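Take a look at the structure set out below.
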Amino acid sequence: MAEPVAVIDESGEPNPYLMGVYAPVQDEITAENLKVIGEIPKDLNGVYLRNGPNARFPARGRYHWFDGDGMVHAVHFENGRARYRNRYVRTRAFEAESAAGRSLWTGVMENPKDNPFGNTRGLNLKDSANTDVIFHRGKVLTTWYLCGAPYGMDPLSLETLGVETFLDTLTGDFMAHPKLDERTGELFWFDYGPRRPYLRYGVVGAGGRVEHCVELDLPGARLPHDMAITAGHAILMDLPLYQDMDAARQGRYKLTFNRELPSRFGIIPRRGQAHEIRWFEAKPCYIYHVVNAWEEGDEIVMDVCRVSRPAPAGSGSPLARMISYLKLDARMHRYRFDLRTGRTREESVDPDHNTEFPSIDARLTGRRSRYAYNVSVKDAATNLFDGLVRYDNVTGAKEAYSYGEHRYGSEAPFAPRDGATAEDDGYLVSFVTDEREGTSEVQVLHAADLTAGPVARIVLPRRVPLGFHATWVRADQLKGGAG
Ligand SMILES: [Fe+2]
């Protein structure tokens with residue numbers, strides 16, 4: 001195994017997102033026969049995969065948490081045993097930098113004009129595929145939040161399979177957070193950028209080809225992070241947080257939150273044309289992640305983690321501003337869009353608890369779901385997920401579980417138990433990293449009873465840095481079933 005090397009940026013300031021629980025690891029390993037505290041359930045079969053930034057070389061210029069090279073950490077559960085593996089996503093940029101032996105690209109906080117090549121919209125940013133991870137038609141797809149190319153990976157070996165072109169039908173880019181409807185096999189996506197068309201929406205059909213793509217007009221360039229689907233519709237976002245284009249022309253990365261503008265949600269039939277989109281207005285906010293959405297009569301219900309103050313006040317160094325902008329401060333929130341009247345109703349679901357990175361039973365994406373499992377965001381300067389919160393949207397009950405002092409988790413996807421009969425009949429799986437020990441483990445919890453604590457803790461031979469999104473791939477999907 002290679003020894004870790006210090007990965008720093010050129011600002012001269014210590015960057016917390018390169019240190020401690022965030023510090024990248026330098027080696028790619030495979031580990032079996034892991035020590036288990038408790039017992040791995042034999043009815044938990046599939047793969048837990050988590051993506052995240054893992055800077056391979058010292059940064060050029062200032063480092064932003066979104067800049068690091070994508071690395072997937074995975075645990076394969078099979079008949080009561082677990083295997084761990086981690087691999088970089090071998091993007092074109094990763095390969096070019098590997099050949100050069102150093103960073104070639106600056107990050108999102110720097111002027112990208114000197115970078116080698118960009119995405120199809122001409123943005124010369126490094127597409128690291130470090131943000132999201134989903135399973136689609138036998139492959140894991142890793143994607144980047146600012147739009148780039150989806151990269152395929154083998155779900156077991158984590159070998160990078162190259163750019164996913166959907167049988168040569170994808171034109172342009174593809175953002176993080178596509179939505180899969182397992183019942184129809186369709187994959188829904190968007191991409192956005194600083195020039196017209198500011199937003200595109202598309203559908204990959206069950207056969208794996210892009211079958212539908214429309215250009216949607218917005219008042220200007222926006223930064224949507226997520227989308228939603230229902231049984232009949234897709235929901236796109238126009239939120240009043242966007243990049244300041246005057247600053248961008250001067251090579252500076254600056255976000256603006258315009259409190260005078262509403263949040264707008266565009267609801268379009270799944271295969272609808274651009275003129276069929278209907279925009280619903282709500283109070284200004286920013287939204288990173290949708291929990292789920294579904295149809296109830298004439299209404300569309302959408303639950304989200306809503307950020308009411310996305311642009312923190314104050315100034316300071318670019319690094320200080322990056323840290324304060326990155327800090328998640330979100331609350332569970334429900335929208336009801338009335339397709340008959342065009343009106344929006346919105347209400348807070350949980351005004352008290354700062355929770356994010358929601359997960360549901362993925363088979364219910366776009367259909368009514370009852371339970372959501374969010375990470376609890378610690379009150380700290382950087383993003384630390386100190387536990388899990390389970391929401392029941394029928395009874396309104398909330399159940400919280402804490403990892404304990406100085407222990408931080410990841411997004412914890414729902415993993416249905418083999419032969420599950422109820423929506424919460426399964427497990428939540430997360431990496432948990434101990435800040436003081438510099439060690440990590442995998443925790444498996446009963447989704448229906450978080451307070452009972454983990455049924456299994458799988459000790460890993462290495463620290464797993466904190467990261468972004470995770471997914472669960474069921475054993476029946478690995479065998480070529482749905483998905
Ligand atoms: Fe995200």
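Note on naming: chains are A, B, ... as they come in the structure tokens, residues start from 1 per chain, ligands start from 1 in the order shown.
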Output as JSON, numbers by chain all residues of segment 407-447 of chain A that backbone DSSP marks as strand (DSSP E). {"A": [407, 408, 409, 414, 415, 416, 426, 427, 428, 429, 430, 431, 432, 433, 434, 439, 440, 441, 442, 443, 444, 445, 446]}
Could you take the residues named above and write them with N, CA and C atoms, as a compact mmCIF listing (two decimals), in the first residue's frame?
```txt
# COMPACT_ATOMS: atom_id res chain seq x y z
N ARG A 407 -17.81 10.75 15.84
CA ARG A 407 -17.99 9.70 14.84
C ARG A 407 -19.00 10.20 13.80
N TYR A 408 -18.62 10.09 12.54
CA TYR A 408 -19.40 10.71 11.47
C TYR A 408 -19.69 9.74 10.33
N GLY A 409 -20.92 9.78 9.84
CA GLY A 409 -21.37 8.84 8.83
C GLY A 409 -21.46 9.44 7.44
N PHE A 414 -31.34 2.98 1.99
CA PHE A 414 -32.18 1.89 2.48
C PHE A 414 -31.89 0.62 1.66
N ALA A 415 -31.63 -0.47 2.37
CA ALA A 415 -31.34 -1.76 1.72
C ALA A 415 -32.44 -2.73 2.11
N PRO A 416 -33.38 -3.05 1.21
CA PRO A 416 -34.46 -3.95 1.61
C PRO A 416 -33.95 -5.33 1.97
N GLY A 426 -36.08 -3.62 6.25
CA GLY A 426 -34.73 -3.67 5.69
C GLY A 426 -33.76 -2.95 6.58
N TYR A 427 -32.66 -2.50 5.99
CA TYR A 427 -31.54 -1.97 6.75
C TYR A 427 -31.09 -0.63 6.19
N LEU A 428 -30.38 0.11 7.02
CA LEU A 428 -29.63 1.28 6.55
C LEU A 428 -28.15 0.93 6.70
N VAL A 429 -27.36 1.33 5.71
CA VAL A 429 -25.94 1.00 5.71
C VAL A 429 -25.14 2.29 5.55
N SER A 430 -24.13 2.47 6.39
CA SER A 430 -23.29 3.68 6.28
C SER A 430 -21.87 3.40 6.73
N PHE A 431 -20.92 4.08 6.07
CA PHE A 431 -19.57 4.15 6.63
C PHE A 431 -19.61 5.09 7.83
N VAL A 432 -18.88 4.76 8.87
CA VAL A 432 -18.76 5.65 10.03
C VAL A 432 -17.28 5.80 10.33
N THR A 433 -16.83 7.05 10.37
CA THR A 433 -15.41 7.35 10.56
C THR A 433 -15.21 8.02 11.91
N ASP A 434 -14.23 7.53 12.65
CA ASP A 434 -13.93 8.07 13.97
C ASP A 434 -12.82 9.12 13.83
N THR A 439 -10.06 5.91 12.10
CA THR A 439 -10.47 4.59 11.61
C THR A 439 -11.91 4.66 11.12
N SER A 440 -12.31 3.63 10.37
CA SER A 440 -13.68 3.59 9.85
C SER A 440 -14.27 2.20 10.00
N GLU A 441 -15.58 2.16 10.03
CA GLU A 441 -16.31 0.90 10.03
C GLU A 441 -17.58 1.08 9.20
N VAL A 442 -18.24 -0.02 8.91
CA VAL A 442 -19.55 0.04 8.27
C VAL A 442 -20.58 -0.32 9.33
N GLN A 443 -21.62 0.48 9.44
CA GLN A 443 -22.68 0.14 10.38
C GLN A 443 -23.93 -0.27 9.60
N VAL A 444 -24.58 -1.33 10.10
CA VAL A 444 -25.84 -1.81 9.53
C VAL A 444 -26.89 -1.68 10.62
N LEU A 445 -27.95 -0.92 10.32
CA LEU A 445 -29.03 -0.70 11.30
C LEU A 445 -30.34 -1.21 10.73
N HIS A 446 -31.23 -1.63 11.62
CA HIS A 446 -32.59 -1.94 11.20
C HIS A 446 -33.30 -0.62 10.85
```
Which residues are near ligand 1 - at most 10 Å, using only C-alpha atoms and all ligand atoms? Format: as a list of chain:residue names.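 Listing the residues within 10 Å of ligand 1 gives A:Thr131, A:Asp132, A:Val133, A:Thr143, A:Trp144, A:Tyr145, A:Met175, A:Ala176, A:His177, A:His225, A:Asp226, A:Ile287, A:Tyr288, A:His289, A:Val290, A:Glu356, A:Phe357, A:Pro358, A:Phe468, A:His469, A:Ala470.
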Atoms kept (N, CA and C atoms) for selection, written as a PDB file, in the first residue's frame:
```pdb
ATOM      1  N   THR A 131     -19.669  13.085  -7.479  1.00  0.00           N
ATOM      2  CA  THR A 131     -20.801  13.529  -6.668  1.00  0.00           C
ATOM      3  C   THR A 131     -21.816  12.431  -6.372  1.00  0.00           C
ATOM      4  N   ASP A 132     -22.417  11.888  -7.413  1.00  0.00           N
ATOM      5  CA  ASP A 132     -23.520  10.962  -7.213  1.00  0.00           C
ATOM      6  C   ASP A 132     -23.128   9.573  -7.702  1.00  0.00           C
ATOM      7  N   VAL A 133     -23.908   8.582  -7.292  1.00  0.00           N
ATOM      8  CA  VAL A 133     -23.692   7.215  -7.757  1.00  0.00           C
ATOM      9  C   VAL A 133     -25.051   6.526  -7.778  1.00  0.00           C
ATOM     10  N   THR A 143     -21.514  10.516 -11.400  1.00  0.00           N
ATOM     11  CA  THR A 143     -21.794  11.783 -12.076  1.00  0.00           C
ATOM     12  C   THR A 143     -21.301  12.955 -11.233  1.00  0.00           C
ATOM     13  N   TRP A 144     -21.180  14.109 -11.888  1.00  0.00           N
ATOM     14  CA  TRP A 144     -20.637  15.312 -11.247  1.00  0.00           C
ATOM     15  C   TRP A 144     -21.699  16.384 -11.148  1.00  0.00           C
ATOM     16  N   TYR A 145     -21.672  17.168 -10.063  1.00  0.00           N
ATOM     17  CA  TYR A 145     -22.764  18.116  -9.782  1.00  0.00           C
ATOM     18  C   TYR A 145     -22.836  19.272 -10.772  1.00  0.00           C
ATOM     19  N   MET A 175     -26.161  15.640 -15.562  1.00  0.00           N
ATOM     20  CA  MET A 175     -25.821  16.122 -14.225  1.00  0.00           C
ATOM     21  C   MET A 175     -25.914  15.013 -13.194  1.00  0.00           C
ATOM     22  N   ALA A 176     -25.451  15.312 -11.967  1.00  0.00           N
ATOM     23  CA  ALA A 176     -25.664  14.401 -10.842  1.00  0.00           C
ATOM     24  C   ALA A 176     -27.160  14.321 -10.563  1.00  0.00           C
ATOM     25  N   HIS A 177     -27.577  13.254  -9.898  1.00  0.00           N
ATOM     26  CA  HIS A 177     -28.965  13.066  -9.471  1.00  0.00           C
ATOM     27  C   HIS A 177     -29.983  12.784 -10.576  1.00  0.00           C
ATOM     28  N   HIS A 225     -29.618  21.521  -8.458  1.00  0.00           N
ATOM     29  CA  HIS A 225     -28.806  20.391  -8.005  1.00  0.00           C
ATOM     30  C   HIS A 225     -29.528  19.058  -8.159  1.00  0.00           C
ATOM     31  N   ASP A 226     -30.861  19.083  -8.115  1.00  0.00           N
ATOM     32  CA  ASP A 226     -31.610  17.830  -8.105  1.00  0.00           C
ATOM     33  C   ASP A 226     -32.893  18.033  -8.905  1.00  0.00           C
ATOM     34  N   ILE A 287     -32.436  24.344  -2.802  1.00  0.00           N
ATOM     35  CA  ILE A 287     -32.667  22.931  -2.488  1.00  0.00           C
ATOM     36  C   ILE A 287     -31.535  22.121  -3.102  1.00  0.00           C
ATOM     37  N   TYR A 288     -30.815  21.412  -2.251  1.00  0.00           N
ATOM     38  CA  TYR A 288     -29.871  20.439  -2.791  1.00  0.00           C
ATOM     39  C   TYR A 288     -30.613  19.153  -3.170  1.00  0.00           C
ATOM     40  N   HIS A 289     -31.398  18.617  -2.206  1.00  0.00           N
ATOM     41  CA  HIS A 289     -31.890  17.254  -2.440  1.00  0.00           C
ATOM     42  C   HIS A 289     -33.386  17.082  -2.208  1.00  0.00           C
ATOM     43  N   VAL A 290     -33.988  16.396  -3.147  1.00  0.00           N
ATOM     44  CA  VAL A 290     -35.384  15.985  -3.052  1.00  0.00           C
ATOM     45  C   VAL A 290     -35.439  14.655  -2.305  1.00  0.00           C
ATOM     46  N   GLU A 356     -30.205  16.246   6.033  1.00  0.00           N
ATOM     47  CA  GLU A 356     -29.932  16.293   4.582  1.00  0.00           C
ATOM     48  C   GLU A 356     -29.629  14.876   4.083  1.00  0.00           C
ATOM     49  N   PHE A 357     -29.151  14.799   2.846  1.00  0.00           N
ATOM     50  CA  PHE A 357     -28.811  13.531   2.190  1.00  0.00           C
ATOM     51  C   PHE A 357     -29.873  12.464   2.474  1.00  0.00           C
ATOM     52  N   PRO A 358     -31.128  12.741   2.041  1.00  0.00           N
ATOM     53  CA  PRO A 358     -32.227  11.814   2.346  1.00  0.00           C
ATOM     54  C   PRO A 358     -32.138  10.532   1.525  1.00  0.00           C
ATOM     55  N   PHE A 468     -19.744  12.228  -0.498  1.00  0.00           N
ATOM     56  CA  PHE A 468     -21.031  12.697  -0.988  1.00  0.00           C
ATOM     57  C   PHE A 468     -22.052  11.553  -1.021  1.00  0.00           C
ATOM     58  N   HIS A 469     -22.522  11.177  -2.209  1.00  0.00           N
ATOM     59  CA  HIS A 469     -23.711  10.320  -2.272  1.00  0.00           C
ATOM     60  C   HIS A 469     -23.384   8.830  -2.283  1.00  0.00           C
ATOM     61  N   ALA A 470     -24.422   8.079  -1.865  1.00  0.00           N
ATOM     62  CA  ALA A 470     -24.289   6.628  -1.770  1.00  0.00           C
ATOM     63  C   ALA A 470     -25.517   5.980  -2.392  1.00  0.00           C
TER      64      ALA A 470
END
```
Between atom CA of Ser410 of chain A and atom CA of Ala82 of chain A - distance in Å to one decimal: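 We find that atom CA of Ala82 of chain A and atom CA of Ser410 of chain A lie 18.0 Å from each other.
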Check segment 34-199 of chain A with DSSP on the backbone and list each residue it calls helix (DSSP H, G or I), as a CSV table (one decimal) with N, CA and C atoms, in the first residue's frame.
```csv
chain,number,residue,atom,x,y,z
A,92,ARG,N,-11.5,11.1,-17.8
A,92,ARG,CA,-10.5,11.6,-18.8
A,92,ARG,C,-9.5,12.5,-18.1
A,93,ALA,N,-10.0,13.3,-17.2
A,93,ALA,CA,-9.2,14.3,-16.5
A,93,ALA,C,-8.2,13.5,-15.5
A,94,PHE,N,-8.8,12.5,-14.9
A,94,PHE,CA,-7.9,11.7,-13.9
A,94,PHE,C,-6.8,11.0,-14.7
A,95,GLU,N,-7.1,10.5,-15.9
A,95,GLU,CA,-6.1,9.8,-16.7
A,95,GLU,C,-5.0,10.8,-17.2
A,96,ALA,N,-5.5,12.0,-17.6
A,96,ALA,CA,-4.5,13.0,-18.1
A,96,ALA,C,-3.6,13.5,-16.9
A,97,GLU,N,-4.2,13.6,-15.8
A,97,GLU,CA,-3.3,14.1,-14.6
A,97,GLU,C,-2.4,12.9,-14.2
A,98,SER,N,-2.9,11.7,-14.2
A,98,SER,CA,-2.0,10.6,-13.9
A,98,SER,C,-0.8,10.5,-14.8
A,99,ALA,N,-1.1,10.7,-16.1
A,99,ALA,CA,0.0,10.7,-17.1
A,99,ALA,C,1.0,11.8,-16.8
A,100,ALA,N,0.5,13.0,-16.4
A,100,ALA,CA,1.4,14.1,-16.1
A,100,ALA,C,2.0,14.0,-14.8
A,112,PRO,N,-11.1,29.2,-14.8
A,112,PRO,CA,-10.8,28.0,-15.5
A,112,PRO,C,-10.2,28.2,-16.9
A,113,LYS,N,-9.8,29.4,-17.2
A,113,LYS,CA,-9.4,29.6,-18.6
A,113,LYS,C,-8.1,28.9,-19.0
A,114,ASP,N,-7.3,28.6,-18.0
A,114,ASP,CA,-6.0,27.9,-18.4
A,114,ASP,C,-6.1,26.4,-18.3
```
Give me the residues within 9 Å of Ala362 of chain A as a list of chain:residue names, counting only C-alpha atoms and dropping any in the same chain fewer than 2 places off.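 After dropping sequence-adjacent residues, the list is A:Leu180, A:Asp181, A:Glu182, A:Ser359, A:Ile360, A:Leu364, A:Thr365, A:Pro413, A:Phe414, A:Ala415, A:Thr471, A:Trp472.
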What's the separation between atom CA of Ile37 of chain A and atom CA of Arg457 of chain A, in Å to one decimal place? 5.0 Å
From the list A:Leu187, A:Ala475, A:Met109, A:Val25, which residue is nearest Ile134 of chain A when using only C-alpha atoms? A:Leu187
